$ cat structure_24.tsv   # TSV, C-alpha atoms and all ligand atoms
chain	number	residue	atom	x	y	z
A	237	MET	CA	-21.58	-70.79	10.10
A	238	ILE	CA	-18.50	-68.77	9.25
A	239	ASP	CA	-17.53	-71.43	6.73
A	240	ASP	CA	-21.02	-71.27	5.23
A	241	ILE	CA	-20.67	-67.52	4.81
A	242	ARG	CA	-17.26	-67.87	3.14
A	243	HIS	CA	-18.68	-70.51	0.89
A	244	ILE	CA	-21.56	-68.26	-0.16
A	245	GLN	CA	-19.11	-65.43	-0.80
A	246	ASP	CA	-16.91	-67.62	-3.02
A	247	ARG	CA	-19.89	-68.81	-5.00
A	248	ALA	CA	-21.14	-65.22	-5.38
A	249	LEU	CA	-17.78	-64.01	-6.71
A	250	ALA	CA	-17.58	-66.87	-9.20
A	251	GLY	CA	-21.14	-66.10	-10.33
A	252	LEU	CA	-20.31	-62.43	-10.83
A	253	SER	CA	-17.32	-63.06	-13.01
A	254	ALA	CA	-19.44	-65.34	-15.20
A	255	VAL	CA	-22.15	-62.70	-15.82
A	256	THR	CA	-21.95	-61.18	-19.32
A	257	THR	CA	-24.67	-58.51	-19.53
A	258	LEU	CA	-25.59	-55.50	-17.41
A	259	ASP	CA	-29.17	-56.80	-17.04
A	260	ASP	CA	-28.00	-60.17	-15.75
A	261	LEU	CA	-25.65	-58.36	-13.39
A	262	ALA	CA	-28.52	-56.29	-11.93
A	263	ALA	CA	-30.58	-59.45	-11.35
A	264	LEU	CA	-27.68	-61.24	-9.71
A	265	GLU	CA	-26.97	-58.24	-7.49
A	266	ARG	CA	-30.55	-58.42	-6.21
A	267	ASP	CA	-30.15	-62.17	-5.53
A	268	LEU	CA	-26.86	-61.70	-3.71
A	269	LEU	CA	-27.45	-58.56	-1.67
A	270	GLY	CA	-31.23	-58.01	-1.59
A	271	LYS	CA	-33.66	-58.72	1.27
A	272	THR	CA	-34.22	-62.32	0.23
A	273	ALA	CA	-30.53	-63.05	-0.31
A	274	GLU	CA	-28.99	-66.07	1.34
A	275	LEU	CA	-26.72	-63.84	3.42
A	276	SER	CA	-29.71	-61.91	4.79
A	277	GLY	CA	-31.00	-65.19	6.27
A	278	PHE	CA	-28.10	-65.24	8.75
A	279	LYS	CA	-29.36	-62.09	10.43
A	280	LYS	CA	-32.29	-63.96	11.94
A	281	VAL	CA	-30.05	-66.73	13.23
A	282	MET	CA	-27.71	-64.20	14.81
A	283	GLY	CA	-30.24	-63.35	17.54
A	284	THR	CA	-29.90	-66.85	18.92
A	285	LEU	CA	-26.10	-66.67	19.32
A	286	ASP	CA	-24.09	-65.62	22.32
A	287	HIS	CA	-22.21	-62.33	22.36
A	288	ASP	CA	-18.82	-63.49	21.02
A	289	ALA	CA	-20.24	-65.75	18.34
A	290	ARG	CA	-22.57	-62.95	17.21
A	291	ARG	CA	-19.64	-60.59	16.83
A	292	GLU	CA	-17.68	-63.08	14.82
A	293	VAL	CA	-20.56	-63.96	12.50
A	294	GLY	CA	-21.47	-60.28	12.14
A	295	ALA	CA	-17.93	-59.42	11.08
A	296	ALA	CA	-17.88	-62.29	8.57
A	297	LEU	CA	-21.25	-61.19	7.15
A	298	ASN	CA	-20.06	-57.59	6.71
A	299	ALA	CA	-16.85	-58.70	5.09
A	300	ALA	CA	-18.78	-60.93	2.68
A	301	ARG	CA	-21.28	-58.21	1.75
A	302	GLU	CA	-18.44	-55.75	1.17
A	303	ALA	CA	-16.48	-58.15	-1.00
A	304	ILE	CA	-19.59	-58.93	-3.05
A	305	SER	CA	-20.51	-55.21	-3.46
A	306	GLU	CA	-17.02	-54.43	-4.62
A	307	ALA	CA	-17.09	-57.28	-7.11
A	308	VAL	CA	-20.48	-56.07	-8.41
A	309	ALA	CA	-19.13	-52.53	-8.95
A	310	GLN	CA	-16.02	-53.84	-10.64
A	311	ARG	CA	-17.98	-56.13	-12.95
A	312	ARG	CA	-20.41	-53.30	-13.73
A	313	SER	CA	-17.65	-50.99	-14.94
A	314	GLU	CA	-16.18	-53.78	-17.07
A	315	LEU	CA	-19.54	-54.56	-18.64
A	316	GLU	CA	-20.23	-50.87	-19.23
A	317	VAL	CA	-17.09	-50.65	-21.33
A	318	VAL	CA	-18.11	-53.74	-23.26
A	319	ALA	CA	-21.58	-52.25	-23.83
A	320	ALA	CA	-20.15	-48.90	-24.97
A	321	VAL	CA	-17.85	-50.59	-27.45
A	322	ALA	CA	-20.72	-52.70	-28.76
A	323	ARG	CA	-22.91	-49.60	-29.12
A	324	ALA	CA	-20.20	-47.65	-30.96
A	325	GLU	CA	-19.67	-50.61	-33.27
A	326	SER	CA	-23.39	-50.99	-34.02
A	327	GLU	CA	-23.82	-47.26	-34.69
A	328	ARG	CA	-20.74	-46.93	-36.84
A	329	LEU	CA	-21.37	-45.43	-40.27
A	330	ASP	CA	-19.48	-46.79	-43.21
A	331	LEU	CA	-18.42	-43.65	-45.03
A	332	THR	CA	-16.13	-45.29	-47.51
A	333	GLU	CA	-17.32	-45.18	-51.05
A	334	VAL	CA	-16.12	-48.06	-53.13
A	335	ARG	CA	-15.27	-46.94	-56.61
A	336	ALA	CA	-15.37	-49.29	-59.50
A	337	GLY	CA	-12.02	-50.02	-61.12
A	338	GLY	CA	-10.00	-49.84	-57.93
A	339	ASP	CA	-9.01	-46.19	-58.48
A	340	ALA	CA	-7.34	-45.10	-55.24
A	341	GLY	CA	-7.80	-41.38	-55.98
A	342	HIS	CA	-5.13	-38.69	-56.03
A	343	LEU	CA	-4.00	-35.46	-54.42
A	344	HIS	CA	-6.30	-32.45	-54.71
A	345	LEU	CA	-5.47	-29.95	-57.45
A	346	VAL	CA	-4.42	-27.32	-54.90
A	347	THR	CA	-2.10	-29.78	-53.14
A	348	GLN	CA	-0.60	-30.78	-56.49
A	349	THR	CA	-0.04	-27.08	-57.21
A	350	ILE	CA	1.69	-26.53	-53.87
A	351	GLU	CA	3.97	-29.50	-54.47
A	352	GLU	CA	4.79	-28.42	-58.00
A	353	LEU	CA	5.69	-24.88	-56.92
A	354	GLU	CA	7.73	-26.20	-53.99
A	355	ASP	CA	9.69	-28.27	-56.47
A	356	VAL	CA	10.37	-25.19	-58.62
A	357	PHE	CA	11.66	-23.20	-55.64
A	358	VAL	CA	13.54	-26.06	-53.99
A	359	GLY	CA	15.30	-26.48	-57.34
A	360	LEU	CA	16.51	-22.88	-56.92
A	361	GLY	CA	17.85	-23.60	-53.42
A	362	PHE	CA	14.88	-22.33	-51.40
A	363	SER	CA	13.64	-24.08	-48.28
A	364	VAL	CA	9.96	-24.65	-47.43
A	365	ALA	CA	8.48	-23.35	-44.15
A	366	GLU	CA	5.07	-23.51	-42.54
A	367	GLY	CA	3.30	-21.65	-39.76
A	368	PRO	CA	0.08	-21.92	-37.74
A	369	GLU	CA	-3.33	-21.05	-39.21
A	370	VAL	CA	-4.47	-19.58	-35.89
A	371	GLU	CA	-2.17	-16.59	-35.43
A	372	ASP	CA	-1.57	-13.85	-32.92
A	373	ASP	CA	-1.86	-10.18	-33.73
A	374	TRP	CA	1.93	-9.75	-33.59
A	375	HIS	CA	2.69	-12.13	-36.43
A	376	ASN	CA	-0.36	-11.45	-38.61
A	377	PHE	CA	-0.24	-7.63	-38.31
A	378	THR	CA	1.98	-5.79	-35.83
A	379	ALA	CA	5.37	-7.27	-36.75
A	380	LEU	CA	4.42	-6.72	-40.42
A	381	ASN	CA	4.35	-2.99	-39.70
A	382	PHE	CA	0.57	-2.64	-39.47
A	383	GLY	CA	0.23	0.07	-36.78
A	384	ALA	CA	-2.44	-0.41	-34.12
A	385	PHE	CA	-4.96	1.75	-35.99
A	386	HIS	CA	-3.52	1.35	-39.46
A	387	PRO	CA	-6.33	1.43	-42.05
A	388	ALA	CA	-4.65	-1.44	-43.92
A	389	ARG	CA	-5.85	-3.75	-41.14
A	390	ASP	CA	-9.34	-3.21	-42.54
A	391	MET	CA	-8.20	-4.29	-46.02
A	392	GLN	CA	-7.96	-7.76	-44.59
A	393	ASP	CA	-11.42	-8.91	-43.54
A	394	THR	CA	-10.37	-10.75	-40.45
A	395	PHE	CA	-11.94	-13.65	-38.57
A	396	PHE	CA	-11.17	-13.08	-34.89
A	397	VAL	CA	-10.87	-16.04	-32.55
A	398	GLY	CA	-12.40	-15.82	-29.06
A	399	LEU	CA	-9.08	-16.41	-27.28
A	400	GLY	CA	-6.91	-13.97	-25.32
A	401	GLY	CA	-7.79	-10.27	-25.28
A	402	PRO	CA	-10.10	-8.62	-27.83
A	403	ARG	CA	-8.78	-9.02	-31.41
A	404	GLU	CA	-5.63	-10.67	-30.11
A	405	VAL	CA	-6.00	-14.03	-31.89
A	406	VAL	CA	-7.00	-14.33	-35.55
A	407	MET	CA	-7.34	-16.87	-38.32
A	408	ARG	CA	-4.36	-15.78	-40.38
A	409	THR	CA	-5.49	-13.54	-43.22
A	410	HIS	CA	-2.38	-14.22	-45.30
A	411	THR	CA	0.79	-16.30	-45.27
A	412	SER	CA	2.97	-13.23	-44.60
A	413	PRO	CA	3.07	-13.98	-40.82
A	414	VAL	CA	5.17	-17.02	-41.69
A	415	GLN	CA	7.83	-14.56	-42.98
A	416	ILE	CA	8.02	-13.20	-39.44
A	417	ARG	CA	8.28	-16.67	-37.93
A	418	VAL	CA	11.07	-17.61	-40.34
A	419	MET	CA	13.02	-14.39	-39.63
A	420	GLU	CA	12.55	-14.79	-35.87
A	421	ASN	CA	14.04	-18.26	-36.02
A	422	GLN	CA	16.70	-18.03	-38.67
A	423	ARG	CA	19.50	-15.62	-39.56
A	424	PRO	CA	20.11	-14.48	-43.16
A	425	PRO	CA	20.74	-15.62	-45.78
A	426	ILE	CA	17.07	-16.64	-46.01
A	427	TYR	CA	15.58	-18.12	-49.16
A	428	SER	CA	12.22	-19.56	-48.21
A	429	VAL	CA	8.74	-20.31	-49.58
A	430	MET	CA	5.74	-20.72	-47.30
A	431	PRO	CA	2.55	-22.29	-48.64
A	432	GLY	CA	-0.63	-22.52	-46.59
A	433	ARG	CA	-4.29	-21.98	-45.97
A	434	VAL	CA	-5.60	-18.51	-45.17
A	435	TYR	CA	-8.95	-17.09	-44.06
A	436	ARG	CA	-10.93	-13.95	-44.96
A	437	ASN	CA	-14.29	-12.92	-43.61
A	438	GLU	CA	-15.91	-12.21	-46.96
A	439	ALA	CA	-18.67	-13.58	-49.14
A	440	THR	CA	-17.64	-16.31	-51.56
A	441	ASP	CA	-18.28	-16.06	-55.28
A	442	ALA	CA	-16.74	-17.41	-58.45
A	443	THR	CA	-13.50	-15.47	-57.90
A	444	HIS	CA	-13.33	-15.29	-54.07
A	445	LEU	CA	-13.17	-17.91	-51.34
A	446	ALA	CA	-13.33	-17.28	-47.57
A	447	VAL	CA	-10.81	-20.10	-47.08
A	448	PHE	CA	-8.10	-20.25	-49.71
A	449	HIS	CA	-4.37	-20.82	-50.16
A	450	GLN	CA	-1.37	-18.61	-50.67
A	451	LEU	CA	2.28	-19.08	-51.37
A	452	GLU	CA	4.64	-16.64	-49.71
A	453	CYS	CA	8.21	-16.12	-50.80
A	454	LEU	CA	10.91	-14.41	-48.73
A	455	VAL	CA	14.52	-13.65	-49.53
A	456	VAL	CA	16.81	-11.81	-47.11
A	457	ASP	CA	20.49	-11.50	-47.91
A	458	ARG	CA	23.18	-8.92	-48.56
A	459	GLY	CA	22.63	-6.83	-51.68
A	460	ILE	CA	19.15	-8.03	-52.63
A	461	THR	CA	17.46	-5.67	-55.13
A	462	PHE	CA	14.13	-5.08	-56.81
A	463	GLY	CA	15.61	-6.70	-59.91
A	464	HIS	CA	15.96	-10.00	-58.03
A	465	LEU	CA	12.28	-9.74	-57.08
A	466	ALA	CA	11.03	-9.11	-60.62
A	467	GLY	CA	13.29	-11.83	-62.02
A	468	THR	CA	12.13	-14.42	-59.47
A	469	ILE	CA	8.45	-13.73	-60.19
A	470	ASP	CA	8.99	-14.00	-63.93
A	471	MET	CA	11.00	-17.19	-63.51
A	472	PHE	CA	8.33	-19.03	-61.53
A	473	THR	CA	5.55	-17.78	-63.87
A	474	LYS	CA	7.36	-19.41	-66.79
A	475	ALA	CA	8.25	-22.51	-64.79
A	476	TYR	CA	4.66	-23.09	-63.75
A	477	PHE	CA	2.74	-21.96	-66.84
A	478	GLY	CA	5.22	-22.32	-69.66
A	479	PRO	CA	7.54	-20.14	-71.75
A	480	GLY	CA	4.71	-18.16	-73.40
A	481	TRP	CA	3.71	-16.50	-70.12
A	482	THR	CA	5.14	-13.27	-68.68
A	483	SER	CA	4.61	-11.06	-65.63
A	484	ARG	CA	4.48	-7.36	-64.80
A	485	LEU	CA	4.59	-5.25	-61.65
A	486	ARG	CA	2.31	-2.29	-60.85
A	487	PRO	CA	3.02	0.18	-58.00
A	488	SER	CA	0.91	-0.55	-54.93
A	489	TYR	CA	0.96	-0.31	-51.16
A	490	PHE	CA	1.55	-2.86	-48.39
A	491	PRO	CA	2.71	-1.82	-44.92
A	492	PHE	CA	5.38	-4.53	-44.83
A	493	THR	CA	7.12	-3.68	-48.08
A	494	GLU	CA	8.68	-0.48	-49.44
A	495	PRO	CA	8.44	-0.02	-52.34
A	496	SER	CA	5.44	-2.27	-52.93
A	497	ALA	CA	3.88	-3.61	-56.09
A	498	GLU	CA	1.14	-5.89	-57.30
A	499	PHE	CA	2.00	-8.42	-59.92
A	500	ASP	CA	0.00	-9.73	-62.82
A	501	ILE	CA	0.76	-12.52	-65.21
A	502	GLN	CA	0.05	-12.41	-68.90
A	503	ARG	CA	-1.57	-15.33	-70.66
A	504	PRO	CA	-0.34	-16.26	-74.15
A	505	ASP	CA	-3.54	-14.67	-75.53
A	506	GLY	CA	-2.37	-11.31	-74.12
A	507	THR	CA	-4.91	-10.99	-71.27
A	508	TRP	CA	-3.71	-10.30	-67.71
A	509	LEU	CA	-4.47	-12.03	-64.42
A	510	GLU	CA	-3.97	-10.23	-61.10
A	511	LEU	CA	-2.08	-12.64	-58.93
A	512	GLY	CA	-0.49	-11.16	-55.81
A	513	GLY	CA	1.52	-8.57	-53.95
A	514	CYS	CA	5.23	-8.05	-53.55
A	515	GLY	CA	7.95	-5.60	-52.61
A	516	MET	CA	11.19	-4.96	-50.79
A	517	VAL	CA	10.91	-6.02	-47.14
A	518	HIS	CA	10.29	-2.87	-45.05
A	519	PRO	CA	13.24	-1.97	-42.76
A	520	ASN	CA	10.84	-1.91	-39.77
A	521	VAL	CA	9.90	-5.53	-40.49
A	522	LEU	CA	13.55	-6.60	-40.55
A	523	SER	CA	14.20	-4.72	-37.27
A	524	ASN	CA	11.09	-6.29	-35.68
A	525	CYS	CA	12.74	-9.66	-36.29
A	526	GLY	CA	16.17	-8.62	-35.03
A	527	ILE	CA	17.74	-8.32	-38.51
A	528	ASP	CA	19.82	-5.20	-39.19
A	529	PRO	CA	18.32	-3.35	-42.21
A	530	GLU	CA	21.65	-1.56	-42.71
A	531	GLU	CA	23.32	-4.87	-43.36
A	532	TYR	CA	20.60	-6.87	-45.08
A	533	SER	CA	17.82	-6.25	-47.57
A	534	GLY	CA	15.16	-8.56	-48.86
A	535	PHE	CA	12.18	-9.03	-51.11
A	536	ALA	CA	8.90	-10.83	-50.55
A	537	PHE	CA	5.85	-11.77	-52.52
A	538	GLY	CA	2.62	-13.64	-51.89
A	539	PHE	CA	-0.18	-14.81	-54.14
A	540	GLY	CA	-3.31	-16.93	-54.29
A	541	LEU	CA	-2.70	-20.54	-55.21
A	542	ASP	CA	-6.32	-21.40	-55.89
A	543	ARG	CA	-6.53	-18.71	-58.53
A	544	LEU	CA	-3.23	-19.78	-60.04
A	545	ALA	CA	-4.31	-23.42	-60.34
A	546	ALA	CA	-7.77	-22.46	-61.63
A	547	THR	CA	-6.19	-20.35	-64.36
A	548	ARG	CA	-3.90	-23.08	-65.57
A	549	HIS	CA	-6.64	-25.71	-65.59
A	550	GLY	CA	-9.49	-23.58	-66.93
A	551	VAL	CA	-11.60	-23.77	-63.74
A	552	THR	CA	-13.97	-20.81	-63.98
A	553	ASP	CA	-15.53	-20.98	-60.50
A	554	LEU	CA	-13.12	-21.15	-57.53
A	555	ARG	CA	-15.85	-22.66	-55.36
A	556	GLU	CA	-15.45	-25.88	-57.32
A	557	LEU	CA	-12.06	-26.28	-55.63
A	558	ALA	CA	-13.78	-26.64	-52.27
A	559	SER	CA	-16.34	-29.15	-53.56
A	560	THR	CA	-16.30	-32.87	-52.88
A	561	ASP	CA	-17.88	-33.73	-56.21
A	562	ILE	CA	-15.88	-36.64	-57.53
A	563	ARG	CA	-16.84	-35.76	-61.13
A	564	PHE	CA	-15.04	-32.43	-60.69
A	565	LEU	CA	-12.11	-33.73	-58.66
A	566	GLU	CA	-11.22	-36.65	-60.91
A	567	GLN	CA	-10.50	-34.32	-63.83
A	568	PHE	CA	-7.20	-33.18	-62.33
A	601	LIG	N1	0.00	-10.72	-47.82
A	601	LIG	C1	-0.55	-9.91	-48.92
A	601	LIG	C2	-2.02	-10.21	-49.07
A	601	LIG	O1	-2.46	-11.30	-48.80
A	601	LIG	C3	0.17	-10.22	-50.20
A	601	LIG	C4	1.59	-9.79	-50.17
A	601	LIG	C5	1.94	-8.52	-50.55
A	601	LIG	C6	2.58	-10.64	-49.76
A	601	LIG	C7	3.24	-8.10	-50.53
A	601	LIG	C8	3.91	-10.23	-49.75
A	601	LIG	C9	4.21	-8.95	-50.13
A	601	LIG	O2	4.89	-11.02	-49.36
A	601	LIG	O3	5.50	-8.55	-50.12
A	601	LIG	O4	-2.75	-9.35	-49.47
$ encode --input "structure_24.tsv" --output "structure tokens" --more "lines below"
Ligand code: DAH
Amino acid sequence: MIDDIRHIQDRALAGLSAVTTLDDLAALERDLLGKTAELSGFKKVMGTLDHDARREVGAALNAAREAISEAVAQRRSELEVVAAVARAESERLDLTEVRAGGDAGHLHLVTQTIEELEDVFVGLGFSVAEGPEVEDDWHNFTALNFGAFHPARDMQDTFFVGLGGPREVVMRTHTSPVQIRVMENQRPPIYSVMPGRVYRNEATDATHLAVFHQLECLVVDRGITFGHLAGTIDMFTKAYFGPGWTSRLRPSYFPFTEPSAEFDIQRPDGTWLELGGCGMVHPNVLSNCGIDPEEYSGFAFGFGLDRLAATRHGVTDLRELASTDIRFLEQF
């Protein structure tokens, strides 16, 4: 009888490994372990056995049922994986769009602009740095000399992230926090540009985007002057737009620079485009990063890349830059 039980168990296990669908598995489970299963038949016979034989057969029956249950569970989890993979495959959406002519596409205009400007600055000996788009208050504001209740915080319409304490984590409102990260990690001389995506909680229109790009520039060295700042801005204006373009500075205010200015660039037709902010790095900002303002001075500027690219390429609505319309994108 024991041999019969072992034999049934072996056959059951072989049957289970041959099953290929969850439905077939459920049916086989009923056949193997249900009331009418072959193994259940032995229970009736057991009553006719003597004490020792009953114990032995009982133990063999339990062992067989256990082995079969385990094999069922194991096979079920295998088949569930197979079924999930098959479902994912059958529900997969083909999102690739085949374009006639085998055109593989190209980098987005804003990415091209970033790369072109990086090339200009790398050619001058600058390095390129990046920072996180989700920032803490220290880097986005406090280290940049925005006091806790400084009204300039309100100039930057901030998206707050629901992490940490209230208003502690933000989507960076500008690339200036990367200046702080660079100065925290590197000793002067620093010659660095920092491109990246920034976020402002404001309505979008033809000249404003809620998600846009800036390029930040930071120089910290001995003897850096406002003249170096103005010269660098004029140099990159000409390098990017061409020799007919010039720039000018207008007095302004930013907490992290003193003195501060805004800069505009002049098109060959004489009209001006407001591009960004700049100034001499505020001594408090240098101290916040462990750099001695008595020994070093620096300048910084930052401006919108989307606007810059749109101006050069005659794009009149910045929202186009965020579109996926291939007819727009393939023009650049
Ligand atoms: N971060 C400023 C903004 O987005 C722009 C700016 C102003 C950057 C002055 C600078 C700077 O580096 O020195 O409004």
$ closest_atom_pairs --input "structure_24.tsv" --of "chain A" --to "ligand LIG 601 (chain A)" --cutoff "8 Å" --atoms "only C-alpha atoms and all ligand atoms" --output "tab-separated table"
residue	atom	partner	partner_atom	distance
A:Gln392	CA	A:LIG601	O4	7.3
A:Thr409	CA	A:LIG601	O1	6.7
A:His410	CA	A:LIG601	O1	4.6
A:Thr411	CA	A:LIG601	N1	6.2
A:Ser412	CA	A:LIG601	N1	5.0
A:Gln415	CA	A:LIG601	O2	7.9
A:Gln450	CA	A:LIG601	O1	7.6
A:Glu452	CA	A:LIG601	O2	5.6
A:Cys453	CA	A:LIG601	O2	6.3
A:Leu454	CA	A:LIG601	O2	6.9
A:Phe490	CA	A:LIG601	C7	5.9
A:Phe492	CA	A:LIG601	O3	6.6
A:Thr493	CA	A:LIG601	O3	5.5
A:Ser496	CA	A:LIG601	C7	6.7
A:Ala497	CA	A:LIG601	C7	7.2
A:Glu498	CA	A:LIG601	C5	7.3
A:Gly512	CA	A:LIG601	C3	5.7
A:Gly513	CA	A:LIG601	C5	3.4
A:Cys514	CA	A:LIG601	O3	3.5
A:Gly515	CA	A:LIG601	O3	4.6
A:Met516	CA	A:LIG601	O3	6.8
A:Val517	CA	A:LIG601	O3	6.7
A:Phe535	CA	A:LIG601	O3	6.8
A:Ala536	CA	A:LIG601	O3	4.1
A:Phe537	CA	A:LIG601	O2	3.4
A:Gly538	CA	A:LIG601	C6	3.7
A:Phe539	CA	A:LIG601	C3	6.1
A:Gly540	CA	A:LIG601	O1	7.9
$ closest_residue --input "structure_24.tsv" --among "A:Asp561, A:Asp260, A:Glu556, A:Glu316" --to "Thr440 (chain A)" --atoms "all atoms listed in the file"
A:Glu556
$ residues_around --input "structure_24.tsv" --residues "Leu522 (chain A)" --least-positions-apart "4" --cutoff "10 Å" --atoms "all atoms listed in the file" --output "list in words"
Ala379, Leu380, Asn381, Ile416, Met419, Glu420, Val456, Phe492, Val517, His518, Gly526, Ile527, Asp528, Pro529, Glu530, Tyr532, Ser533 and Gly534 of chain A
$ residues_around --input "structure_24.tsv" --residues "region 267-276 of chain A" --least-positions-apart "6" --cutoff "12 Å" --atoms "all atoms listed in the file" --output "VMD selection string"
chain A and resid 237 to 238 240 to 252 260 to 261 282 293 to 294 296 to 308
$ atom_distance --input "structure_24.tsv" --atom1 "CA of Asp505 (chain A)" --atom2 "CA of Thr482 (chain A)"
11.1 Å
$ closest_residue --input "structure_24.tsv" --among "A:His375, A:Arg484, A:Arg423, A:Arg323" --to "Val405 (chain A)" --atoms "only C-alpha atoms"
A:His375
$ atom_distance --input "structure_24.tsv" --atom1 "CA of Gln567 (chain A)" --atom2 "CA of Gly480 (chain A)"
24.2 Å
$ atom_distance --input "structure_24.tsv" --atom1 "CA of Ser313 (chain A)" --atom2 "CA of Leu329 (chain A)"
26.2 Å
$ closest_residue --input "structure_24.tsv" --among "A:Ser363, A:Val414, A:Thr332, A:Tyr435" --to "Phe396 (chain A)" --atoms "all atoms listed in the file"
A:Tyr435
$ closest_residue --input "structure_24.tsv" --among "A:Asp372, A:Asp553, A:Asp390, A:Asp286" --to "Pro402 (chain A)" --atoms "all atoms listed in the file"
A:Asp372
$ decode --input "structure_24.tsv" --residues "region 329-335 of chain A" --atoms "all heavy atoms" --output "compact mmCIF listing (two decimals), in the first residue's frame"
# COMPACT_ATOMS: atom_id res chain seq x y z
N LEU A 329 1.62 48.69 -25.68
CA LEU A 329 1.29 49.63 -26.75
C LEU A 329 2.55 49.95 -27.53
O LEU A 329 3.59 50.22 -26.95
CB LEU A 329 0.74 50.93 -26.16
CG LEU A 329 -0.57 50.83 -25.39
CD1 LEU A 329 -0.94 52.19 -24.83
CD2 LEU A 329 -1.67 50.29 -26.28
N ASP A 330 2.42 49.93 -28.81
CA ASP A 330 3.56 50.31 -29.64
C ASP A 330 3.51 51.82 -29.84
O ASP A 330 2.66 52.34 -30.56
CB ASP A 330 3.48 49.58 -30.99
CG ASP A 330 4.69 49.92 -31.84
OD1 ASP A 330 5.56 50.69 -31.38
OD2 ASP A 330 4.76 49.39 -32.97
N LEU A 331 4.41 52.52 -29.15
CA LEU A 331 4.38 53.98 -29.20
C LEU A 331 5.41 54.55 -30.18
O LEU A 331 5.60 55.74 -30.27
CB LEU A 331 4.64 54.55 -27.80
CG LEU A 331 3.57 54.17 -26.76
CD1 LEU A 331 3.98 54.66 -25.40
CD2 LEU A 331 2.22 54.73 -27.15
N THR A 332 6.07 53.68 -30.88
CA THR A 332 7.05 54.18 -31.83
C THR A 332 6.34 54.62 -33.10
O THR A 332 5.39 54.00 -33.56
CB THR A 332 8.09 53.11 -32.20
OG1 THR A 332 7.39 51.94 -32.63
CG2 THR A 332 8.95 52.76 -31.00
N GLU A 333 6.76 55.74 -33.60
CA GLU A 333 6.16 56.24 -34.82
C GLU A 333 7.22 56.09 -35.91
O GLU A 333 8.31 56.64 -35.78
CB GLU A 333 5.79 57.71 -34.63
CG GLU A 333 5.05 58.28 -35.80
CD GLU A 333 4.72 59.74 -35.56
OE1 GLU A 333 4.98 60.25 -34.46
OE2 GLU A 333 4.21 60.37 -36.50
N VAL A 334 6.89 55.35 -36.91
CA VAL A 334 7.88 55.15 -37.96
C VAL A 334 7.78 56.31 -38.94
O VAL A 334 6.71 56.63 -39.44
CB VAL A 334 7.62 53.81 -38.70
CG1 VAL A 334 8.63 53.64 -39.82
CG2 VAL A 334 7.70 52.67 -37.72
N ARG A 335 8.89 56.96 -39.15
CA ARG A 335 8.87 58.10 -40.06
C ARG A 335 9.47 57.70 -41.39
O ARG A 335 10.49 57.02 -41.45
CB ARG A 335 9.68 59.26 -39.46
CG ARG A 335 9.18 59.64 -38.09
CD ARG A 335 9.66 61.02 -37.71
NE ARG A 335 9.16 62.00 -38.66
CZ ARG A 335 9.86 63.04 -39.07
NH1 ARG A 335 11.09 63.21 -38.65
NH2 ARG A 335 9.33 63.90 -39.90
